[in-house]
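Text of data39.pdb (PDB, C-alpha atoms) as supplied:
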```
ATOM      1  CA  MET A1334      28.652 -13.079   2.033
ATOM      2  CA  SER A1335      26.211 -11.068   4.132
ATOM      3  CA  ALA A1336      22.893 -10.184   2.520
ATOM      4  CA  ILE A1337      22.389  -7.180   4.804
ATOM      5  CA  ILE A1338      23.395  -3.778   3.433
ATOM      6  CA  LYS A1339      21.795  -1.595   6.114
ATOM      7  CA  ILE A1340      19.383  -1.709   9.057
ATOM      8  CA  LYS A1341      17.494   1.447  10.025
ATOM      9  CA  ALA A1342      14.548   2.500  12.163
ATOM     10  CA  LEU A1343      11.192   3.075  10.480
ATOM     11  CA  GLY A1344       9.913   6.632  10.210
ATOM     12  CA  PHE A1345       6.654   7.914   8.727
ATOM     13  CA  PRO A1346       6.150   7.397   5.913
ATOM     14  CA  TRP A1347       8.490   4.461   5.359
ATOM     15  CA  GLU A1348      11.380   5.263   3.066
ATOM     16  CA  THR A1349      11.722   3.016   0.028
ATOM     17  CA  GLN A1350      14.191   2.287  -2.757
ATOM     18  CA  ASP A1351      13.764   2.880  -6.509
ATOM     19  CA  PRO A1352      11.373   1.949  -8.179
ATOM     20  CA  PHE A1353       9.205   2.617  -5.092
ATOM     21  CA  LEU A1354       8.654   6.168  -3.821
ATOM     22  CA  PHE A1355       7.462   5.545  -0.252
ATOM     23  CA  CYS A1356       5.086   3.415   1.808
ATOM     24  CA  ALA A1357       2.455   4.844   4.166
ATOM     25  CA  TYR A1358       1.467   2.494   6.994
ATOM     26  CA  HIS A1359      -1.779   3.255   8.797
ATOM     27  CA  GLU A1360      -3.024   1.265  11.783
ATOM     28  CA  ASP A1361      -5.990   2.670  13.687
ATOM     29  CA  ASN A1362      -8.206   1.086  16.304
ATOM     30  CA  TYR A1363     -11.381   2.924  15.345
ATOM     31  CA  PRO A1364     -14.324   2.863  17.775
ATOM     32  CA  LYS A1365     -17.878   1.831  16.952
ATOM     33  CA  GLY A1366     -19.471   3.643  14.035
ATOM     34  CA  ASP A1367     -22.153   6.296  14.498
ATOM     35  CA  GLY A1368     -24.479   4.872  11.809
ATOM     36  CA  LYS A1369     -23.277   7.550   9.355
ATOM     37  CA  LEU A1370     -19.911   5.837   8.745
ATOM     38  CA  GLY A1371     -18.053   8.129  11.154
ATOM     39  CA  PRO A1372     -16.810   7.378  14.681
ATOM     40  CA  ASP A1373     -19.269   7.211  17.576
ATOM     41  CA  ALA A1374     -16.933   9.352  19.654
ATOM     42  CA  SER A1375     -16.205  12.997  20.298
ATOM     43  CA  LEU A1376     -13.874  14.767  17.860
ATOM     44  CA  ASP A1377     -12.983  17.407  20.443
ATOM     45  CA  GLY A1378      -9.278  18.042  20.735
ATOM     46  CA  ARG A1379      -8.523  16.897  17.205
ATOM     47  CA  ASN A1380      -7.081  19.070  14.458
ATOM     48  CA  ILE A1381      -9.883  18.284  12.029
ATOM     49  CA  GLY A1382      -8.631  18.317   8.447
ATOM     50  CA  GLN A1383      -5.079  17.530   9.581
ATOM     51  CA  ASP A1384      -5.585  14.914  12.296
ATOM     52  CA  PHE A1385      -2.439  12.774  12.162
ATOM     53  CA  THR A1386      -1.917  12.481  15.929
ATOM     54  CA  LEU A1387      -2.703   9.028  17.325
ATOM     55  CA  LYS A1388      -5.272  10.136  19.934
ATOM     56  CA  ASP A1389      -7.198   7.319  21.681
ATOM     57  CA  GLY A1390      -5.645   4.898  19.186
ATOM     58  CA  TRP A1391      -6.987   6.434  15.968
ATOM     59  CA  ARG A1392      -6.825   9.394  13.589
ATOM     60  CA  MET A1393      -9.244  11.207  11.261
ATOM     61  CA  TYR A1394      -6.454  12.140   8.790
ATOM     62  CA  HIS A1395      -7.952  14.718   6.372
ATOM     63  CA  GLY A1396     -11.540  13.628   7.061
ATOM     64  CA  ALA A1397     -14.045  15.855   8.878
ATOM     65  CA  ARG A1398     -16.900  13.365   9.469
ATOM     66  CA  VAL A1399     -15.472  10.043   8.185
ATOM     67  CA  PRO A1400     -11.770   9.208   8.551
ATOM     68  CA  GLY A1401      -9.678   9.214   5.404
ATOM     69  CA  PHE A1402      -8.419  11.284   2.518
ATOM     70  CA  PRO A1403     -10.989  13.376   0.574
ATOM     71  CA  ALA A1404     -10.498  14.076  -3.130
ATOM     72  CA  HIS A1405      -6.909  14.800  -4.162
ATOM     73  CA  PRO A1406      -5.001  14.510  -7.458
ATOM     74  CA  HIS A1407      -2.172  12.224  -8.598
ATOM     75  CA  ARG A1408       0.020  12.112 -11.691
ATOM     76  CA  GLY A1409       3.015  10.093 -12.827
ATOM     77  CA  PHE A1410       3.022   7.037 -10.541
ATOM     78  CA  GLU A1411       0.896   4.216  -9.105
ATOM     79  CA  THR A1412      -0.670   3.492  -5.739
ATOM     80  CA  VAL A1413      -0.893  -0.066  -4.446
ATOM     81  CA  THR A1414      -3.278  -0.044  -1.482
ATOM     82  CA  ILE A1415      -3.286  -3.155   0.721
ATOM     83  CA  VAL A1416      -6.085  -3.200   3.291
ATOM     84  CA  GLN A1417      -5.483  -5.966   5.818
ATOM     85  CA  LYS A1418      -8.250  -4.829   8.200
ATOM     86  CA  GLY A1419     -11.208  -2.523   7.709
ATOM     87  CA  LEU A1420     -12.637  -0.972   4.555
ATOM     88  CA  VAL A1421     -11.873   1.814   2.081
ATOM     89  CA  ASP A1422     -14.467   3.705   0.028
ATOM     90  CA  HIS A1423     -12.905   4.756  -3.290
ATOM     91  CA  SER A1424     -14.347   7.407  -5.626
ATOM     92  CA  ASP A1425     -12.540   9.055  -8.543
ATOM     93  CA  SER A1426     -12.758  11.640 -11.309
ATOM     94  CA  LEU A1427     -13.324   8.933 -13.944
ATOM     95  CA  GLY A1428     -16.627   8.049 -12.288
ATOM     96  CA  ALA A1429     -15.182   4.837 -10.879
ATOM     97  CA  ALA A1430     -15.850   3.770  -7.305
ATOM     98  CA  GLY A1431     -15.489   0.877  -4.934
ATOM     99  CA  ARG A1432     -15.560  -0.468  -1.410
ATOM    100  CA  PHE A1433     -12.745  -2.870  -0.595
ATOM    101  CA  GLY A1434     -10.829  -4.213   2.349
ATOM    102  CA  ASN A1435     -10.218  -7.107   4.740
ATOM    103  CA  GLY A1436      -7.481  -8.521   2.521
ATOM    104  CA  ASP A1437      -8.308  -6.799  -0.791
ATOM    105  CA  VAL A1438      -5.770  -4.751  -2.785
ATOM    106  CA  GLN A1439      -6.383  -1.845  -5.160
ATOM    107  CA  TRP A1440      -3.792  -1.143  -7.852
ATOM    108  CA  MET A1441      -4.280   2.312  -9.357
ATOM    109  CA  THR A1442      -2.214   3.805 -12.167
ATOM    110  CA  ALA A1443      -2.549   7.582 -11.954
ATOM    111  CA  GLY A1444      -0.758   8.105 -15.262
ATOM    112  CA  LYS A1445      -1.559  11.453 -16.862
ATOM    113  CA  GLY A1446      -3.808  12.477 -13.999
ATOM    114  CA  VAL A1447      -6.704  11.436 -11.800
ATOM    115  CA  GLN A1448      -8.455  12.671  -8.676
ATOM    116  CA  HIS A1449      -9.574  10.140  -6.102
ATOM    117  CA  SER A1450     -10.834  10.010  -2.546
ATOM    118  CA  GLU A1451     -10.071   7.264  -0.050
ATOM    119  CA  MET A1452     -12.382   7.286   2.944
ATOM    120  CA  PHE A1453     -12.445   4.737   5.761
ATOM    121  CA  PRO A1454     -16.121   3.968   6.546
ATOM    122  CA  LEU A1455     -16.834   2.650  10.040
ATOM    123  CA  LEU A1456     -19.656   0.248   9.202
ATOM    124  CA  GLN A1457     -19.747  -1.636  12.486
ATOM    125  CA  THR A1458     -21.986   0.118  15.011
ATOM    126  CA  GLU A1459     -22.039  -2.617  17.672
ATOM    127  CA  LYS A1460     -18.280  -3.158  17.951
ATOM    128  CA  ASP A1461     -14.974  -1.463  17.172
ATOM    129  CA  ASN A1462     -13.663  -1.009  13.605
ATOM    130  CA  PRO A1463      -9.968  -2.049  13.543
ATOM    131  CA  PHE A1464      -8.076  -0.768  10.497
ATOM    132  CA  LEU A1465      -4.702  -1.585   8.939
ATOM    133  CA  LEU A1466      -3.599  -0.289   5.541
ATOM    134  CA  PHE A1467      -0.407   0.023   3.516
ATOM    135  CA  GLN A1468      -0.272   2.408   0.579
ATOM    136  CA  ILE A1469       2.783   1.906  -1.588
ATOM    137  CA  TRP A1470       3.724   4.480  -4.203
ATOM    138  CA  LEU A1471       5.359   2.772  -7.190
ATOM    139  CA  ASN A1472       6.995   5.011  -9.767
ATOM    140  CA  LEU A1473       6.261   4.945 -13.494
ATOM    141  CA  PRO A1474       9.073   5.218 -16.044
ATOM    142  CA  ARG A1475       9.196   8.313 -18.260
ATOM    143  CA  GLU A1476       7.560   6.512 -21.188
ATOM    144  CA  LYS A1477       4.546   5.599 -19.029
ATOM    145  CA  LYS A1478       4.087   8.806 -17.017
ATOM    146  CA  MET A1479       1.208  10.021 -19.184
ATOM    147  CA  VAL A1480      -0.707   6.800 -19.819
ATOM    148  CA  PRO A1481      -4.488   6.868 -19.243
ATOM    149  CA  PRO A1482      -5.480   6.341 -15.589
ATOM    150  CA  HIS A1483      -6.495   2.811 -14.672
ATOM    151  CA  PHE A1484      -7.567   0.960 -11.562
ATOM    152  CA  LYS A1485      -7.662  -2.738 -10.883
ATOM    153  CA  MET A1486      -8.922  -4.756  -7.935
ATOM    154  CA  LEU A1487      -7.032  -7.728  -6.567
ATOM    155  CA  TRP A1488      -9.749  -9.279  -4.405
ATOM    156  CA  SER A1489      -8.680 -11.231  -1.344
ATOM    157  CA  ASP A1490      -9.801 -14.553  -2.833
ATOM    158  CA  GLU A1491      -7.556 -13.918  -5.865
ATOM    159  CA  VAL A1492      -4.392 -13.072  -3.905
ATOM    160  CA  PRO A1493      -2.307 -16.201  -3.201
ATOM    161  CA  ILE A1494      -1.496 -16.996   0.442
ATOM    162  CA  ILE A1495       1.248 -19.604   0.785
ATOM    163  CA  LYS A1496       2.087 -21.371   4.027
ATOM    164  CA  LYS A1497       5.615 -22.703   4.506
ATOM    165  CA  LYS A1498       6.666 -24.827   7.486
ATOM    166  CA  ASP A1499      10.253 -24.957   8.697
ATOM    167  CA  GLN A1500      12.055 -28.055   9.967
ATOM    168  CA  SER A1501      10.568 -27.550  13.428
ATOM    169  CA  GLY A1502       7.020 -27.270  12.093
ATOM    170  CA  TYR A1503       6.682 -23.512  12.658
ATOM    171  CA  GLU A1504       4.817 -21.683   9.907
ATOM    172  CA  THR A1505       5.409 -18.597   7.789
ATOM    173  CA  GLU A1506       2.464 -17.260   5.776
ATOM    174  CA  ILE A1507       3.328 -15.282   2.623
ATOM    175  CA  THR A1508       0.740 -13.163   0.792
ATOM    176  CA  LEU A1509       1.740 -12.435  -2.818
ATOM    177  CA  ILE A1510       0.424  -9.040  -3.927
ATOM    178  CA  ALA A1511       3.006  -8.856  -6.717
ATOM    179  CA  GLY A1512       5.759 -11.134  -7.955
ATOM    180  CA  ILE A1513       6.687 -14.787  -7.767
ATOM    181  CA  LEU A1514       7.599 -16.902  -4.744
ATOM    182  CA  ASP A1515       8.572 -19.999  -6.726
ATOM    183  CA  ASN A1516       7.538 -21.889  -9.870
ATOM    184  CA  ASP A1517       4.206 -22.828  -8.309
ATOM    185  CA  HIS A1518       3.183 -19.522  -6.745
ATOM    186  CA  LYS A1519       2.626 -16.270  -8.678
ATOM    187  CA  ALA A1520       0.693 -13.123  -7.777
ATOM    188  CA  PRO A1521      -2.168 -11.802  -9.941
ATOM    189  CA  ASP A1522      -1.210  -9.632 -12.895
ATOM    190  CA  PRO A1523      -0.621  -5.976 -11.966
ATOM    191  CA  ALA A1524      -2.103  -2.985 -13.790
ATOM    192  CA  PRO A1525      -1.118  -3.198 -17.483
ATOM    193  CA  ASP A1526       1.113  -0.093 -17.698
ATOM    194  CA  SER A1527       2.914  -0.792 -14.432
ATOM    195  CA  TRP A1528       6.685  -1.220 -14.101
ATOM    196  CA  ALA A1529       5.604  -4.476 -12.429
ATOM    197  CA  SER A1530       3.976  -5.749 -15.627
ATOM    198  CA  ASP A1531       7.400  -6.690 -17.058
ATOM    199  CA  PRO A1532       8.645  -9.804 -15.207
ATOM    200  CA  ASN A1533      12.237  -8.784 -15.967
ATOM    201  CA  ASN A1534      11.800  -5.980 -13.417
ATOM    202  CA  GLU A1535      11.280  -8.590 -10.667
ATOM    203  CA  ILE A1536       8.784  -6.471  -8.730
ATOM    204  CA  ALA A1537       7.675  -8.232  -5.573
ATOM    205  CA  ILE A1538       5.254  -6.961  -2.947
ATOM    206  CA  TRP A1539       4.720  -9.517  -0.195
ATOM    207  CA  THR A1540       3.404  -9.467   3.318
ATOM    208  CA  LEU A1541       4.603 -12.154   5.718
ATOM    209  CA  LYS A1542       3.324 -13.470   9.030
ATOM    210  CA  MET A1543       5.705 -15.662  11.023
ATOM    211  CA  ASP A1544       4.853 -17.922  13.936
ATOM    212  CA  ALA A1545       6.873 -17.412  17.100
ATOM    213  CA  HIS A1546      10.254 -19.194  16.650
ATOM    214  CA  ALA A1547       9.649 -19.759  12.909
ATOM    215  CA  THR A1548      12.521 -19.643  10.404
ATOM    216  CA  PHE A1549      12.103 -18.465   6.805
ATOM    217  CA  THR A1550      14.571 -18.039   3.933
ATOM    218  CA  PHE A1551      13.901 -15.493   1.208
ATOM    219  CA  PRO A1552      14.796 -16.719  -2.279
ATOM    220  CA  LYS A1553      17.488 -14.999  -4.314
ATOM    221  CA  ALA A1554      16.753 -12.351  -6.926
ATOM    222  CA  SER A1555      18.977 -11.062  -9.726
ATOM    223  CA  GLU A1556      21.983  -8.755  -9.596
ATOM    224  CA  GLY A1557      20.963  -5.099  -9.288
ATOM    225  CA  ILE A1558      17.513  -5.714  -7.790
ATOM    226  CA  ASN A1559      16.611  -3.554  -4.784
ATOM    227  CA  ARG A1560      15.027  -5.329  -1.800
ATOM    228  CA  SER A1561      13.796  -3.986   1.537
ATOM    229  CA  ILE A1562      12.047  -5.836   4.343
ATOM    230  CA  TYR A1563       9.959  -3.824   6.826
ATOM    231  CA  PHE A1564       9.559  -5.439  10.264
ATOM    232  CA  PHE A1565       6.447  -3.662  11.510
ATOM    233  CA  LYS A1566       4.894  -5.907  14.145
ATOM    234  CA  GLY A1567       6.365  -8.358  16.654
ATOM    235  CA  ASN A1568       9.224  -8.214  19.153
ATOM    236  CA  GLU A1569      12.589  -9.108  17.639
ATOM    237  CA  ILE A1570      14.223 -11.335  15.032
ATOM    238  CA  GLU A1571      17.662 -12.881  14.627
ATOM    239  CA  THR A1572      19.590 -12.917  11.360
ATOM    240  CA  GLU A1573      23.254 -13.055  10.325
ATOM    241  CA  GLY A1574      24.419 -12.439  13.895
ATOM    242  CA  TYR A1575      22.107  -9.448  14.450
ATOM    243  CA  THR A1576      19.191  -9.161  16.844
ATOM    244  CA  ILE A1577      16.814  -6.670  15.225
ATOM    245  CA  PRO A1578      13.904  -5.118  17.166
ATOM    246  CA  VAL A1579      10.525  -4.362  15.657
ATOM    247  CA  SER A1580       9.976  -1.134  13.650
ATOM    248  CA  HIS A1581      13.094  -1.509  11.509
ATOM    249  CA  GLU A1582      13.807  -1.724   7.791
ATOM    250  CA  ILE A1583      16.398  -4.190   6.509
ATOM    251  CA  ILE A1584      17.964  -3.216   3.162
ATOM    252  CA  LEU A1585      19.321  -6.289   1.398
ATOM    253  CA  ASN A1586      21.520  -7.506  -1.392
ATOM    254  CA  ALA A1587      18.754  -9.428  -3.173
ATOM    255  CA  LYS A1588      21.071 -11.828  -4.964
ATOM    256  CA  GLU A1589      22.027 -13.369  -1.626
ATOM    257  CA  GLU A1590      19.775 -15.725   0.320
ATOM    258  CA  PHE A1591      18.487 -14.201   3.534
ATOM    259  CA  THR A1592      17.149 -16.116   6.532
ATOM    260  CA  ILE A1593      15.135 -14.780   9.462
ATOM    261  CA  LYS A1594      14.600 -16.592  12.747
ATOM    262  CA  ASN A1595      11.649 -15.087  14.570
ATOM    263  CA  GLY A1596      11.587 -14.353  18.283
ATOM    264  CA  ASP A1597       9.027 -15.430  20.849
ATOM    265  CA  VAL A1598       5.902 -13.693  19.444
ATOM    266  CA  GLU A1599       4.190 -13.692  16.043
ATOM    267  CA  SER A1600       5.853 -11.198  13.664
ATOM    268  CA  HIS A1601       4.709  -9.352  10.538
ATOM    269  CA  PHE A1602       6.711  -7.999   7.603
ATOM    270  CA  LEU A1603       6.320  -6.225   4.267
ATOM    271  CA  MET A1604       8.798  -6.919   1.472
ATOM    272  CA  LEU A1605       9.316  -4.524  -1.454
ATOM    273  CA  GLN A1606      11.593  -5.575  -4.285
ATOM    274  CA  GLY A1607      12.275  -4.447  -7.828
ATOM    275  CA  LYS A1608      14.639  -3.350 -10.539
ATOM    276  CA  PRO A1609      15.328   0.395 -10.236
ATOM    277  CA  ILE A1610      14.004   2.662 -12.993
ATOM    278  CA  GLN A1611      17.104   4.874 -12.681
ATOM    279  CA  GLU A1612      15.532   8.065 -13.988
ATOM    280  CA  PRO A1613      15.355  11.498 -12.348
ATOM    281  CA  VAL A1614      12.553  11.762  -9.773
ATOM    282  CA  VAL A1615      11.031  15.193  -9.126
ATOM    283  CA  LYS A1616       8.187  15.158  -6.578
ATOM    284  CA  HIS A1617       5.767  17.887  -5.626
ATOM    285  CA  GLY A1618       3.039  16.613  -3.306
ATOM    286  CA  PRO A1619       0.842  14.296  -5.368
ATOM    287  CA  PHE A1620       2.792  14.719  -8.626
ATOM    288  CA  VAL A1621       5.885  12.654  -9.516
ATOM    289  CA  MET A1622       7.631  13.504 -12.774
ATOM    290  CA  ASN A1623      11.152  13.664 -14.236
ATOM    291  CA  SER A1624      11.703  17.444 -14.264
ATOM    292  CA  GLN A1625      10.573  20.672 -12.619
ATOM    293  CA  ILE A1626       9.042  21.795 -15.918
ATOM    294  CA  GLU A1627       6.822  18.707 -15.966
ATOM    295  CA  ILE A1628       5.788  19.411 -12.369
ATOM    296  CA  ARG A1629       4.786  22.959 -13.287
ATOM    297  CA  GLU A1630       2.835  21.603 -16.273
ATOM    298  CA  ALA A1631       1.031  19.118 -13.990
ATOM    299  CA  ILE A1632       0.060  21.840 -11.519
ATOM    300  CA  LEU A1633      -1.176  24.145 -14.306
ATOM    301  CA  GLU A1634      -3.182  21.401 -15.998
ATOM    302  CA  TYR A1635      -4.775  20.379 -12.699
ATOM    303  CA  GLN A1636      -5.715  24.000 -11.985
ATOM    304  CA  GLN A1637      -7.316  24.277 -15.436
ATOM    305  CA  THR A1638      -9.022  20.868 -15.755
ATOM    306  CA  GLU A1639      -9.085  19.252 -12.293
ATOM    307  CA  PHE A1640      -8.204  16.090 -14.251
ATOM    308  CA  GLY A1641     -11.794  15.718 -15.378
ATOM    309  CA  GLY A1642     -13.537  17.324 -12.418
ATOM    310  CA  TRP A1643     -15.332  15.670  -9.530
ATOM    311  CA  PRO A1644     -18.584  13.823 -10.351
ATOM    312  CA  TRP A1645     -19.519  12.893  -6.755
ATOM    313  CA  PRO A1646     -21.769  14.756  -4.252
ATOM    314  CA  SER A1647     -18.868  15.624  -1.924
ATOM    315  CA  HIS A1648     -15.101  15.467  -1.841
ATOM    316  CA  ASP A1649     -15.299  12.987   1.048
ATOM    317  CA  ASN A1650     -17.780  10.742  -0.774
ATOM    318  CA  VAL A1651     -18.767   7.487   0.927
ATOM    319  CA  HIS A1652     -21.064   4.720  -0.238
ATOM    320  CA  ASP A1653     -24.318   3.491   1.263
ATOM    321  CA  PRO A1654     -23.870   1.609   4.544
ATOM    322  CA  SER A1655     -25.844  -1.325   3.107
ATOM    323  CA  LYS A1656     -23.382  -1.744   0.248
ATOM    324  CA  GLY A1657     -20.954  -4.655   0.375
ATOM    325  CA  ARG A1658     -17.527  -4.858  -1.240
ATOM    326  CA  PHE A1659     -17.754  -3.792  -4.876
ATOM    327  CA  ALA A1660     -15.935  -2.136  -7.771
ATOM    328  CA  LEU A1661     -17.580   0.202 -10.280
ATOM    329  CA  TYR A1662     -15.350   0.798 -13.303
ATOM    330  CA  PRO A1663     -15.347   3.851 -15.616
ATOM    331  CA  ASP A1664     -17.137   1.890 -18.381
ATOM    332  CA  GLY A1665     -20.074   1.228 -16.023
ATOM    333  CA  THR A1666     -19.164  -2.391 -15.247
ATOM    334  CA  GLU A1667     -19.869  -3.219 -11.599
ATOM    335  CA  ILE A1668     -18.540  -6.215  -9.688
ATOM    336  CA  GLU A1669     -19.935  -7.133  -6.291
ATOM    337  CA  LYS A1670     -18.155  -9.410  -3.862
TER     338      LYS A1670
END
```
Do you think you could lay out the structure here as structure tokens?
Amino acid sequence: MSAIIKIKALGFPWETQDPFLFCAYHEDNYPKGDGKLGPDASLDGRNIGQDFTLKDGWRMYHGARVPGFPAHPHRGFETVTIVQKGLVDHSDSLGAAGRFGNGDVQWMTAGKGVQHSEMFPLLQTEKDNPFLLFQIWLNLPREKKMVPPHFKMLWSDEVPIIKKKDQSGYETEITLIAGILDNDHKAPDPAPDSWASDPNNEIAIWTLKMDAHATFTFPKASEGINRSIYFFKGNEIETEGYTIPVSHEIILNAKEEFTIKNGDVESHFLMLQGKPIQEPVVKHGPFVMNSQIEIREAILEYQQTEFGGWPWPSHDNVHDPSKGRFALYPDGTEIEK
């Protein structure tokens, strides 16, 4: 029986299946930094504040001096931010902060409401600042929509990377952000109120890197589990009689084994898998609830409280250039890496 349900081209953002809401994929080849964490390049010709056009290989997004996303609210879901290249400066309305990247992952439960900013500091002034980030929005079930906000770091040295060789000796490298590959390989625990915290929901978030000509078989999951594989870098792959070019999503029946044979260049994939929540989803910008009434309540509460306000000097707050990777938690605990 074929494992493939559907193959479709990737848009922006990437469409996802329940329990995920969407995935934003950002790859920017930023130039040298200007010493103030912004680009050492002219911003002329850019729509500053809404710069989503890939001009000269990079974008400012909502940033005016440093690329990124100044303070904005969330409620009712989680963000899982995987930074494969470059750095992110996090600041939030709880007083928490951090600088993470180059393989680190931040797992943030917005719950009842939080503001945060995500800026992309360009620390390197003598060479370019390549950047690659996935931000996955994972829904929360109704009973968890209003839990207290929480953020957790999965540092790169804590995230398992497993290397599997096929019969020809070609290698596939699997990075486990969430879920289980086999009895010997398990990802770090997710945030405590996450849909992923229950192993029965079989949440898996993996990235994969395949050698040219490598073959890899994905293990089976249970009946009713949604699984999508996003082929975002490479040339083409072969599977089940199909030749699939890069920039495509493959929607799968997860209870069937699925094997990919890579083409003639290294390829990269993201896999998202999980048991659907199967509740109504009502979205309005940064708020994801179960009804329009709850959306209106979220907007009103944010207007009245700003989810605790903003304790930082600016809405596009960045940290000192001398600072390394770190996490400052709301209770004042600071971890430096």
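Note that CA of Thr1412 (chain A) and CA of Val1480 (chain A) are 14.5 Å apart.
Selection result for the displayed file, with the PyMOL selection byres ((chain A and resi 1598) around 9) as criterion, is Met1543, Asp1544, Ala1545, His1546, Gly1567, Asn1568, Glu1569, Asn1595, Gly1596, Asp1597, Glu1599 and Ser1600 of chain A.
Residue nearest Phe1549 (chain A) within the list A:Gln1500, A:Gly1512, A:Ala1520, A:Ile1583: A:Gln1500 [criterion: smallest interatomic distance, only C-alpha atoms].
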inquiry  = If I take CA of Pro1521 (chain A) and CA of Ile1668 (chain A), how far is one from the other in Å, to one decimal?
reply    = 17.3 Å
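Each of A:Tyr1563, A:Phe1410, A:Phe1591, A:Phe1640 was compared to Leu1354 (chain A) using only C-alpha atoms, and A:Phe1410 turns out to be the nearest.
Distances from A:Leu1603, A:Leu1455, A:Ala1631, A:Leu1427 to Gly1371 (chain A) were compared using only C-alpha atoms, and the smallest one belongs to A:Leu1455.
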query = Taking the file as shown, what set of residues would the PyMOL selection byres ((chain A and resi 1620) around 8) give back, as a PyMOL selection string?
reply = chain A and resi 1406-1410+1616-1619+1621-1622+1628+1631
request  = Pull the neighbourhood of (-8.6, -5.4, 6.6) for me: all residues within 6 Å in file coordinates, counting all atoms listed in the file, as a ChimeraX atom specification.
outcome  = /A:1416-1419,1434-1436,1465
Hits of the PyMOL selection byres ((chain A and resi 1501) around 9) in this structure, as a ChimeraX atom specification = /A:1498-1500,1502-1504,1546-1548
query = A:Leu1370, A:Thr1576, A:Gln1439, A:Met1486: which is nearest Glu1667 (chain A), counting all atoms listed in the file?
reply = A:Met1486
So for region 1495-1505 of chain A, what box centre and size do we get, axis-aligned, 5 Å extra on each of the six sides, every listed atom, Å to one decimal, as lines of an AutoDock Vina configuration file?
```
center_x = 6.7
center_y = -23.3
center_z = 7.1
size_x = 20.8
size_y = 19.5
size_z = 22.6
```
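Coordinates place CA of Val1579 (chain A) at a distance of 9.1 Å from CA of Leu1343 (chain A).
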Taking only C-alpha atoms into account, produce a table as CSV in which each residue of region 1339-1368 of chain A with an atom at most 12 Å from an atom of region 1389-1404 of chain A appears once, together with its shortest atom pair and the distance in Å to one decimal, ordered by chain and rising number.
```
residue,atom,partner,partner_atom,distance
A:His1359,CA,A:Arg1392,CA,9.3
A:Glu1360,CA,A:Trp1391,CA,7.7
A:Asp1361,CA,A:Trp1391,CA,4.5
A:Asn1362,CA,A:Gly1390,CA,5.4
A:Tyr1363,CA,A:Trp1391,CA,5.7
A:Pro1364,CA,A:Trp1391,CA,8.4
A:Lys1365,CA,A:Trp1391,CA,11.9
A:Gly1366,CA,A:Val1399,CA,9.5
A:Asp1367,CA,A:Val1399,CA,9.9
A:Gly1368,CA,A:Val1399,CA,11.0
```
Counting only C-alpha atoms, which residues have an atom no more than 12 Å from (6.8, -15.2, -3.3) in the file's coordinates? Please list them as a PDB file with C-alpha atoms, keeping the file's coordinate frame.
```pdb
ATOM      1  CA  VAL A1492      -4.392 -13.072  -3.905  1.00  0.00           C
ATOM      2  CA  PRO A1493      -2.307 -16.201  -3.201  1.00  0.00           C
ATOM      3  CA  ILE A1494      -1.496 -16.996   0.442  1.00  0.00           C
ATOM      4  CA  ILE A1495       1.248 -19.604   0.785  1.00  0.00           C
ATOM      5  CA  LYS A1496       2.087 -21.371   4.027  1.00  0.00           C
ATOM      6  CA  LYS A1497       5.615 -22.703   4.506  1.00  0.00           C
ATOM      7  CA  THR A1505       5.409 -18.597   7.789  1.00  0.00           C
ATOM      8  CA  GLU A1506       2.464 -17.260   5.776  1.00  0.00           C
ATOM      9  CA  ILE A1507       3.328 -15.282   2.623  1.00  0.00           C
ATOM     10  CA  THR A1508       0.740 -13.163   0.792  1.00  0.00           C
ATOM     11  CA  LEU A1509       1.740 -12.435  -2.818  1.00  0.00           C
ATOM     12  CA  ILE A1510       0.424  -9.040  -3.927  1.00  0.00           C
ATOM     13  CA  ALA A1511       3.006  -8.856  -6.717  1.00  0.00           C
ATOM     14  CA  GLY A1512       5.759 -11.134  -7.955  1.00  0.00           C
ATOM     15  CA  ILE A1513       6.687 -14.787  -7.767  1.00  0.00           C
ATOM     16  CA  LEU A1514       7.599 -16.902  -4.744  1.00  0.00           C
ATOM     17  CA  ASP A1515       8.572 -19.999  -6.726  1.00  0.00           C
ATOM     18  CA  ASN A1516       7.538 -21.889  -9.870  1.00  0.00           C
ATOM     19  CA  ASP A1517       4.206 -22.828  -8.309  1.00  0.00           C
ATOM     20  CA  HIS A1518       3.183 -19.522  -6.745  1.00  0.00           C
ATOM     21  CA  LYS A1519       2.626 -16.270  -8.678  1.00  0.00           C
ATOM     22  CA  ALA A1520       0.693 -13.123  -7.777  1.00  0.00           C
ATOM     23  CA  PRO A1521      -2.168 -11.802  -9.941  1.00  0.00           C
ATOM     24  CA  GLU A1535      11.280  -8.590 -10.667  1.00  0.00           C
ATOM     25  CA  ILE A1536       8.784  -6.471  -8.730  1.00  0.00           C
ATOM     26  CA  ALA A1537       7.675  -8.232  -5.573  1.00  0.00           C
ATOM     27  CA  ILE A1538       5.254  -6.961  -2.947  1.00  0.00           C
ATOM     28  CA  TRP A1539       4.720  -9.517  -0.195  1.00  0.00           C
ATOM     29  CA  THR A1540       3.404  -9.467   3.318  1.00  0.00           C
ATOM     30  CA  LEU A1541       4.603 -12.154   5.718  1.00  0.00           C
ATOM     31  CA  PHE A1549      12.103 -18.465   6.805  1.00  0.00           C
ATOM     32  CA  THR A1550      14.571 -18.039   3.933  1.00  0.00           C
ATOM     33  CA  PHE A1551      13.901 -15.493   1.208  1.00  0.00           C
ATOM     34  CA  PRO A1552      14.796 -16.719  -2.279  1.00  0.00           C
ATOM     35  CA  LYS A1553      17.488 -14.999  -4.314  1.00  0.00           C
ATOM     36  CA  ALA A1554      16.753 -12.351  -6.926  1.00  0.00           C
ATOM     37  CA  LEU A1603       6.320  -6.225   4.267  1.00  0.00           C
ATOM     38  CA  MET A1604       8.798  -6.919   1.472  1.00  0.00           C
ATOM     39  CA  LEU A1605       9.316  -4.524  -1.454  1.00  0.00           C
ATOM     40  CA  GLN A1606      11.593  -5.575  -4.285  1.00  0.00           C
TER      41      GLN A1606
END
```
